[in-house]
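Undergrad: I am attaching a structure below and will ask some questions about it afterwards.
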Amino acid sequence: MDFVPVNEPLLDGNEKKYLSECIETGWISSEGMFVKELEEKFSAITGRKHGIAVCNGTAALEAAVIAAGITAGDEVILPAFTIISCASAVIRAGGKPVLVDSDPETWNMDVKQIEKKITDRTKAIMAVHIYGLPVDMNAVLNLADKHNLKVIEDSAEAIGQTYNGKQCGSFGDVSTFSFYPNKHITTGEGGMIVTDNDEIAGRCRSLRNLCFIPEKRFVHNELGFNFRMTNIQAALGVAQLERLDEFKKKKERSDIYIMKD
Ligand SMILES: *Cc1c(COP(=O)(O)O)cnc(C)c1O
């Protein structure tokens with residue numbers, strides 16, 4: 001049986017050139033300029049105020065869930081069909097994942113089943129776009145509004161995709177992406193958090209970098225993570241982002257993925 005790949009990385013654009021720049025200049029850590037460039041370009045594409053690059057999509061979810069204020073005892077509604085990272089981020093934050101079954105048409109969370117799962121402890125809905133098909137975000141946003149819930153949007157599989165003409169990753173209080181090689185663009189390992197909320201962005205930046213306090217370095221009031229993205233990863237990301245439209249068109253062409261039996 002031949003497997004149909006979800007995606008195969010194409011690295012024949014400016015990837016080599018930007019990677020060489022990292023080596024030649026010696027800027028390989030997270031302090032390099034490609035990290036900022038990727039954050040700015042990526043947040044611009046999703047129409048967001050802030051972009052926070054991290055080391056992978058799982059880390060993006062972990063920081064986003066904490067920054068969204070999920071804490072001990074909080075319930076987060078999320079799809080039964082997704083990667084473990086969604087549920088594990090909630091559990092690590094002390095919360096409880098509450099699962100909703102899939103819509104057989106889209107494989108996304110069946111939005112009609114969300115409301116009956118809402119309790120006094122529900123704090124957020126995590127919407128996950130599966131295989132590039134967007135979740136019915138209007139339904140999610142209306143429910144969140146009605147019940148005063150946060151929306152965490154996992155757009156790892158929907159880079160550059162749209163729902164009602166708006167970019168996936170522009171809907172959540174906080175939205176996350178992965179740049180693993182089976183996504184629309186790749187940095188080998190990598191991820192991104194985007195948000196318009198200054199406080200959430202600040203918390204994500206702090207959590208990403210061990211919760212250092214800028215004015216009192218080596219004093220820590222909170223436990224963070226080392227979720228930093230390297231300049232090498234970001235160099236790949238900037239080159240890949242230049243080709244997002246081309247990659248999207250390739251994915252839309254069903255004839256290049258013909259199943260052999
Ligand atoms: C790939 C993926 C992730 C995790 O990303 P990693 O970079 O592999 O940690 C999270 N959510 C979804 C929906 C994904 O497809």
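Ordered as shown in the structure tokens, chains take letters A, B, and onward, while each chain numbers its residues from 1 and ligands are numbered from 1 in the order shown.
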Skipping near chain neighbours, those fewer than 5 positions away, what residues fall within 10 Å of Lys17 of chain A using only C-alpha atoms, listed as number ranges by chain?

TA: A: 12, 22, 235-236, 239

Undergrad: Write out, as a short mmCIF file (atom, residue, chain, number, x, y, z; two decimals), in the first residue's frame, the residues just selected, with all heavy atoms.

TA:
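Saved result, selection-v7.cif, follows:
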```cif
data_model
loop_
_atom_site.label_atom_id
_atom_site.label_comp_id
_atom_site.auth_asym_id
_atom_site.auth_seq_id
_atom_site.Cartn_x
_atom_site.Cartn_y
_atom_site.Cartn_z
N ASP A 12 13.58 24.61 -2.27
CA ASP A 12 14.44 25.10 -3.35
C ASP A 12 14.20 26.58 -3.70
O ASP A 12 14.42 27.01 -4.82
CB ASP A 12 14.27 24.21 -4.59
CG ASP A 12 12.81 24.02 -4.98
OD1 ASP A 12 11.93 24.49 -4.23
OD2 ASP A 12 12.55 23.41 -6.03
N CYS A 22 22.84 33.03 8.02
CA CYS A 22 22.95 32.74 9.46
C CYS A 22 24.37 32.26 9.79
O CYS A 22 24.97 32.71 10.77
CB CYS A 22 21.98 31.64 9.89
SG CYS A 22 20.25 32.07 9.72
N ALA A 235 15.01 31.57 9.50
CA ALA A 235 15.53 31.82 8.14
C ALA A 235 14.78 30.94 7.14
O ALA A 235 14.35 31.40 6.08
CB ALA A 235 17.02 31.52 8.09
N LEU A 236 14.59 29.67 7.51
CA LEU A 236 13.80 28.77 6.67
C LEU A 236 12.37 29.30 6.53
O LEU A 236 11.79 29.30 5.45
CB LEU A 236 13.73 27.37 7.30
CG LEU A 236 14.87 26.41 7.04
CD1 LEU A 236 14.72 25.17 7.92
CD2 LEU A 236 14.88 26.00 5.58
N ALA A 239 11.96 32.22 4.10
CA ALA A 239 12.03 31.74 2.71
C ALA A 239 10.76 30.99 2.32
O ALA A 239 10.24 31.15 1.21
CB ALA A 239 13.25 30.85 2.54
#
```

Undergrad: Which protein, DNA or RNA residues have an atom within 6 Å of ligand 1, counting only C-alpha atoms and all ligand atoms, as a list of chain:residue names?

TA: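 Here is the list of contacting residues: A:Asn56, A:Gly57, A:Thr58, A:Thr82, A:Ile83, A:Ser85, A:Val128, A:Asp154, A:Ala156, A:Glu157, A:Ser178, A:Phe179, A:Tyr180, A:Glu189, A:Gly190, A:Gly191.
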
Undergrad: Go ahead and write the selection's residues with all heavy atoms as a CSV table (one decimal), in the first residue's frame.

TA:
```csv
chain,number,residue,atom,x,y,z
A,56,ASN,N,8.0,24.9,18.4
A,56,ASN,CA,7.1,24.0,17.7
A,56,ASN,C,5.6,24.3,18.0
A,56,ASN,O,5.3,25.2,18.8
A,56,ASN,CB,7.4,22.5,18.1
A,56,ASN,CG,7.3,22.2,19.5
A,56,ASN,OD1,6.2,22.4,20.1
A,56,ASN,ND2,8.4,21.8,20.1
A,57,GLY,N,4.7,23.7,17.3
A,57,GLY,CA,3.3,24.0,17.4
A,57,GLY,C,2.7,23.5,18.8
A,57,GLY,O,1.8,24.1,19.3
A,58,THR,N,3.3,22.5,19.3
A,58,THR,CA,2.8,22.0,20.6
A,58,THR,C,3.2,23.1,21.7
A,58,THR,O,2.3,23.4,22.6
A,58,THR,CB,3.5,20.7,21.0
A,58,THR,OG1,3.2,19.7,20.0
A,58,THR,CG2,3.1,20.1,22.3
A,82,THR,N,-8.1,15.2,16.9
A,82,THR,CA,-7.0,16.2,16.7
A,82,THR,C,-5.7,15.5,17.3
A,82,THR,O,-5.8,14.4,17.9
A,82,THR,CB,-7.3,17.6,17.4
A,82,THR,OG1,-6.1,18.4,17.1
A,82,THR,CG2,-7.5,17.5,18.9
A,83,ILE,N,-4.6,16.2,17.2
A,83,ILE,CA,-3.3,15.7,17.8
A,83,ILE,C,-3.4,15.9,19.3
A,83,ILE,O,-4.1,16.7,19.9
A,83,ILE,CB,-2.2,16.5,17.2
A,83,ILE,CG1,-0.8,15.9,17.6
A,83,ILE,CG2,-2.2,18.0,17.7
A,83,ILE,CD1,0.4,16.5,16.8
A,85,SER,N,-1.5,17.2,21.3
A,85,SER,CA,-1.0,18.5,21.8
A,85,SER,C,-2.1,19.4,22.3
A,85,SER,O,-1.9,20.2,23.3
A,85,SER,CB,-0.3,19.2,20.7
A,85,SER,OG,0.6,18.4,20.0
A,128,VAL,N,-10.0,23.7,16.2
A,128,VAL,CA,-8.9,23.1,15.5
A,128,VAL,C,-9.3,22.9,14.0
A,128,VAL,O,-10.2,22.1,13.8
A,128,VAL,CB,-8.4,21.8,16.1
A,128,VAL,CG1,-7.1,21.4,15.4
A,128,VAL,CG2,-8.2,22.0,17.6
A,154,ASP,N,-6.4,26.7,17.0
A,154,ASP,CA,-5.3,25.9,16.5
A,154,ASP,C,-5.3,25.9,15.0
A,154,ASP,O,-6.1,25.1,14.4
A,154,ASP,CB,-5.2,24.5,17.1
A,154,ASP,CG,-4.0,23.7,16.7
A,154,ASP,OD1,-3.3,24.2,15.8
A,154,ASP,OD2,-3.8,22.6,17.2
A,156,ALA,N,-2.7,25.1,12.9
A,156,ALA,CA,-1.5,24.5,12.4
A,156,ALA,C,-1.7,23.9,11.0
A,156,ALA,O,-0.8,23.9,10.2
A,156,ALA,CB,-1.2,23.3,13.4
A,157,GLU,N,-2.9,23.4,10.8
A,157,GLU,CA,-3.2,22.7,9.5
A,157,GLU,C,-3.9,23.7,8.5
A,157,GLU,O,-4.4,23.2,7.5
A,157,GLU,CB,-4.0,21.5,9.7
A,157,GLU,CG,-3.2,20.4,10.5
A,157,GLU,CD,-4.0,19.2,10.8
A,157,GLU,OE1,-5.0,18.9,10.1
A,157,GLU,OE2,-3.6,18.4,11.7
A,178,SER,N,1.8,25.6,13.5
A,178,SER,CA,3.0,24.7,13.6
A,178,SER,C,3.7,24.8,12.2
A,178,SER,O,3.0,25.0,11.2
A,178,SER,CB,2.6,23.3,13.8
A,178,SER,OG,3.6,22.4,13.5
A,179,PHE,N,5.0,24.7,12.2
A,179,PHE,CA,5.8,24.7,11.0
A,179,PHE,C,6.5,23.4,10.8
A,179,PHE,O,7.6,23.3,10.3
A,179,PHE,CB,6.8,25.9,10.9
A,179,PHE,CG,6.1,27.2,11.1
A,179,PHE,CD1,6.7,28.2,11.9
A,179,PHE,CD2,5.0,27.6,10.4
A,179,PHE,CE1,6.1,29.4,12.1
A,179,PHE,CE2,4.4,28.8,10.6
A,179,PHE,CZ,4.9,29.8,11.4
A,180,TYR,N,5.9,22.3,11.4
A,180,TYR,CA,6.4,20.9,11.1
A,180,TYR,C,6.4,20.7,9.6
A,180,TYR,O,5.6,21.2,8.9
A,180,TYR,CB,5.6,19.9,11.9
A,180,TYR,CG,6.2,18.6,12.0
A,180,TYR,CD1,7.3,18.3,12.7
A,180,TYR,CD2,5.6,17.5,11.2
A,180,TYR,CE1,7.9,17.0,12.6
A,180,TYR,CE2,6.1,16.3,11.2
A,180,TYR,CZ,7.3,16.0,11.9
A,180,TYR,OH,7.8,14.8,11.9
A,189,GLU,N,11.3,22.2,12.7
A,189,GLU,CA,10.4,22.3,13.8
A,189,GLU,C,10.2,23.8,14.1
A,189,GLU,O,11.1,24.6,13.9
A,189,GLU,CB,11.1,21.7,15.1
A,189,GLU,CG,11.5,20.2,15.0
A,189,GLU,CD,10.3,19.3,15.1
A,189,GLU,OE1,9.2,19.7,15.4
A,189,GLU,OE2,10.6,18.1,14.7
A,190,GLY,N,9.0,24.1,14.5
A,190,GLY,CA,8.7,25.5,14.7
A,190,GLY,C,7.2,25.8,14.9
A,190,GLY,O,6.4,24.9,14.6
A,191,GLY,N,6.9,26.9,15.4
A,191,GLY,CA,5.5,27.3,15.6
A,191,GLY,C,5.4,28.8,15.8
A,191,GLY,O,6.4,29.5,15.9
```

Undergrad: Show me, as CSV, the residues of segment 149-225 of chain A having an atom within 8 Å of segment 68-75 of chain A, each with the closest atom pair and its distance in Å, using only C-alpha atoms.

TA:
```
residue,atom,partner,partner_atom,distance
A:Lys150,CA,A:Ala68,CA,7.2
A:Ile152,CA,A:Ala68,CA,7.8
A:Asp173,CA,A:Ala68,CA,7.6
A:Val174,CA,A:Ala68,CA,7.2
A:Ile200,CA,A:Ala68,CA,6.4
```

Undergrad: Could you tell me how far atom CA of Arg205 of chain A lies from atom CA of Leu11 of chain A, in Å and to one decimal?

TA: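 Computing it gives 28.8 Å between the two atoms.
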
Undergrad: Any chance you could list, as a PyMOL selection string, the residues in segment 102-232 of chain A that come up helix (DSSP H, G or I) when DSSP is run on the backbone?

TA: chain A and resi 111-113+115-117+137-147+198-208+231-232

Undergrad: Based on the selection just made, write C-alpha atoms of those residues as a short mmCIF file (atom, residue, chain, number, x, y, z; two decimals), in the first residue's frame.

TA:
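The resulting again09.cif:
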```cif
data_model
loop_
_atom_site.label_atom_id
_atom_site.label_comp_id
_atom_site.auth_asym_id
_atom_site.auth_seq_id
_atom_site.Cartn_x
_atom_site.Cartn_y
_atom_site.Cartn_z
CA VAL A 111 -20.25 22.87 16.41
CA LYS A 112 -23.85 21.78 17.08
CA GLN A 113 -22.59 19.63 19.95
CA GLU A 115 -23.35 24.12 23.73
CA LYS A 116 -24.50 21.06 25.65
CA LYS A 117 -20.93 20.60 26.92
CA MET A 137 -16.02 29.84 13.31
CA ASN A 138 -19.21 31.96 13.35
CA ALA A 139 -20.91 29.31 15.45
CA VAL A 140 -17.89 29.10 17.79
CA LEU A 141 -17.59 32.88 18.16
CA ASN A 142 -21.33 33.28 18.85
CA LEU A 143 -21.22 30.63 21.58
CA ALA A 144 -18.09 32.17 23.09
CA ASP A 145 -19.77 35.55 23.13
CA LYS A 146 -22.98 34.22 24.63
CA HIS A 147 -21.21 32.29 27.42
CA ASP A 198 -1.31 42.94 24.31
CA GLU A 199 -1.53 41.09 27.62
CA ILE A 200 -1.74 37.63 26.03
CA ALA A 201 1.18 38.51 23.72
CA GLY A 202 3.28 39.70 26.66
CA ARG A 203 2.58 36.54 28.62
CA CYS A 204 3.45 34.34 25.64
CA ARG A 205 6.74 36.20 25.13
CA SER A 206 7.56 35.79 28.80
CA LEU A 207 6.56 32.10 28.96
CA ARG A 208 8.64 31.43 25.82
CA ASN A 231 17.41 32.16 13.76
CA ILE A 232 18.15 29.10 11.61
#
```

Undergrad: Calculated over only C-alpha atoms, which of the candidates A:Lys41, A:His50, A:Lys251, A:Lys166 has the smallest distance to Asn182 of chain A?

TA: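 Looking only at the distances to Asn182 of chain A, the closest residue turns out to be A:Lys251.
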
Undergrad: DSSP on the backbone: what in segment 22-58 of chain A comes out strand (DSSP E or B), as an MDAnalysis selection string?

TA: chainID A and resid 50:54

Undergrad: One number please: atom CA of His184 of chain A to atom CA of Ala60 of chain A, in Å, one decimal.

TA: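 Value for the atom CA of His184 of chain A-atom CA of Ala60 of chain A distance: 16.7 Å.
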
Undergrad: So, with only C-alpha atoms as the atoms that count, which of A:Ile45, A:Ile77, A:Ile84, A:Tyr163 lies closest to Lys123 of chain A?

TA: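 Selected residue with least distance to Lys123 of chain A: A:Ile77.
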
Undergrad: Select, from A:Asp2, A:Cys211, A:Ser20, A:Glu252, the residue with the minimum atom-to-atom distance to Leu133 of chain A, counting only C-alpha atoms.

TA: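 Smallest distance to Leu133 of chain A is found for A:Glu252.
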
Undergrad: Can you tell me, as a count of residues only, what residues are no more than 12 Å from Gln167 of chain A when counting only C-alpha atoms, ignoring any on the same chain fewer than 3 positions away?

TA: 27

Undergrad: Select, from A:Ala80, A:Ala89, A:Thr119, A:Gly94, the residue with the minimum atom-to-atom distance to Trp107 of chain A, counting only C-alpha atoms.

TA: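 The closest residue to Trp107 of chain A is A:Ala80.
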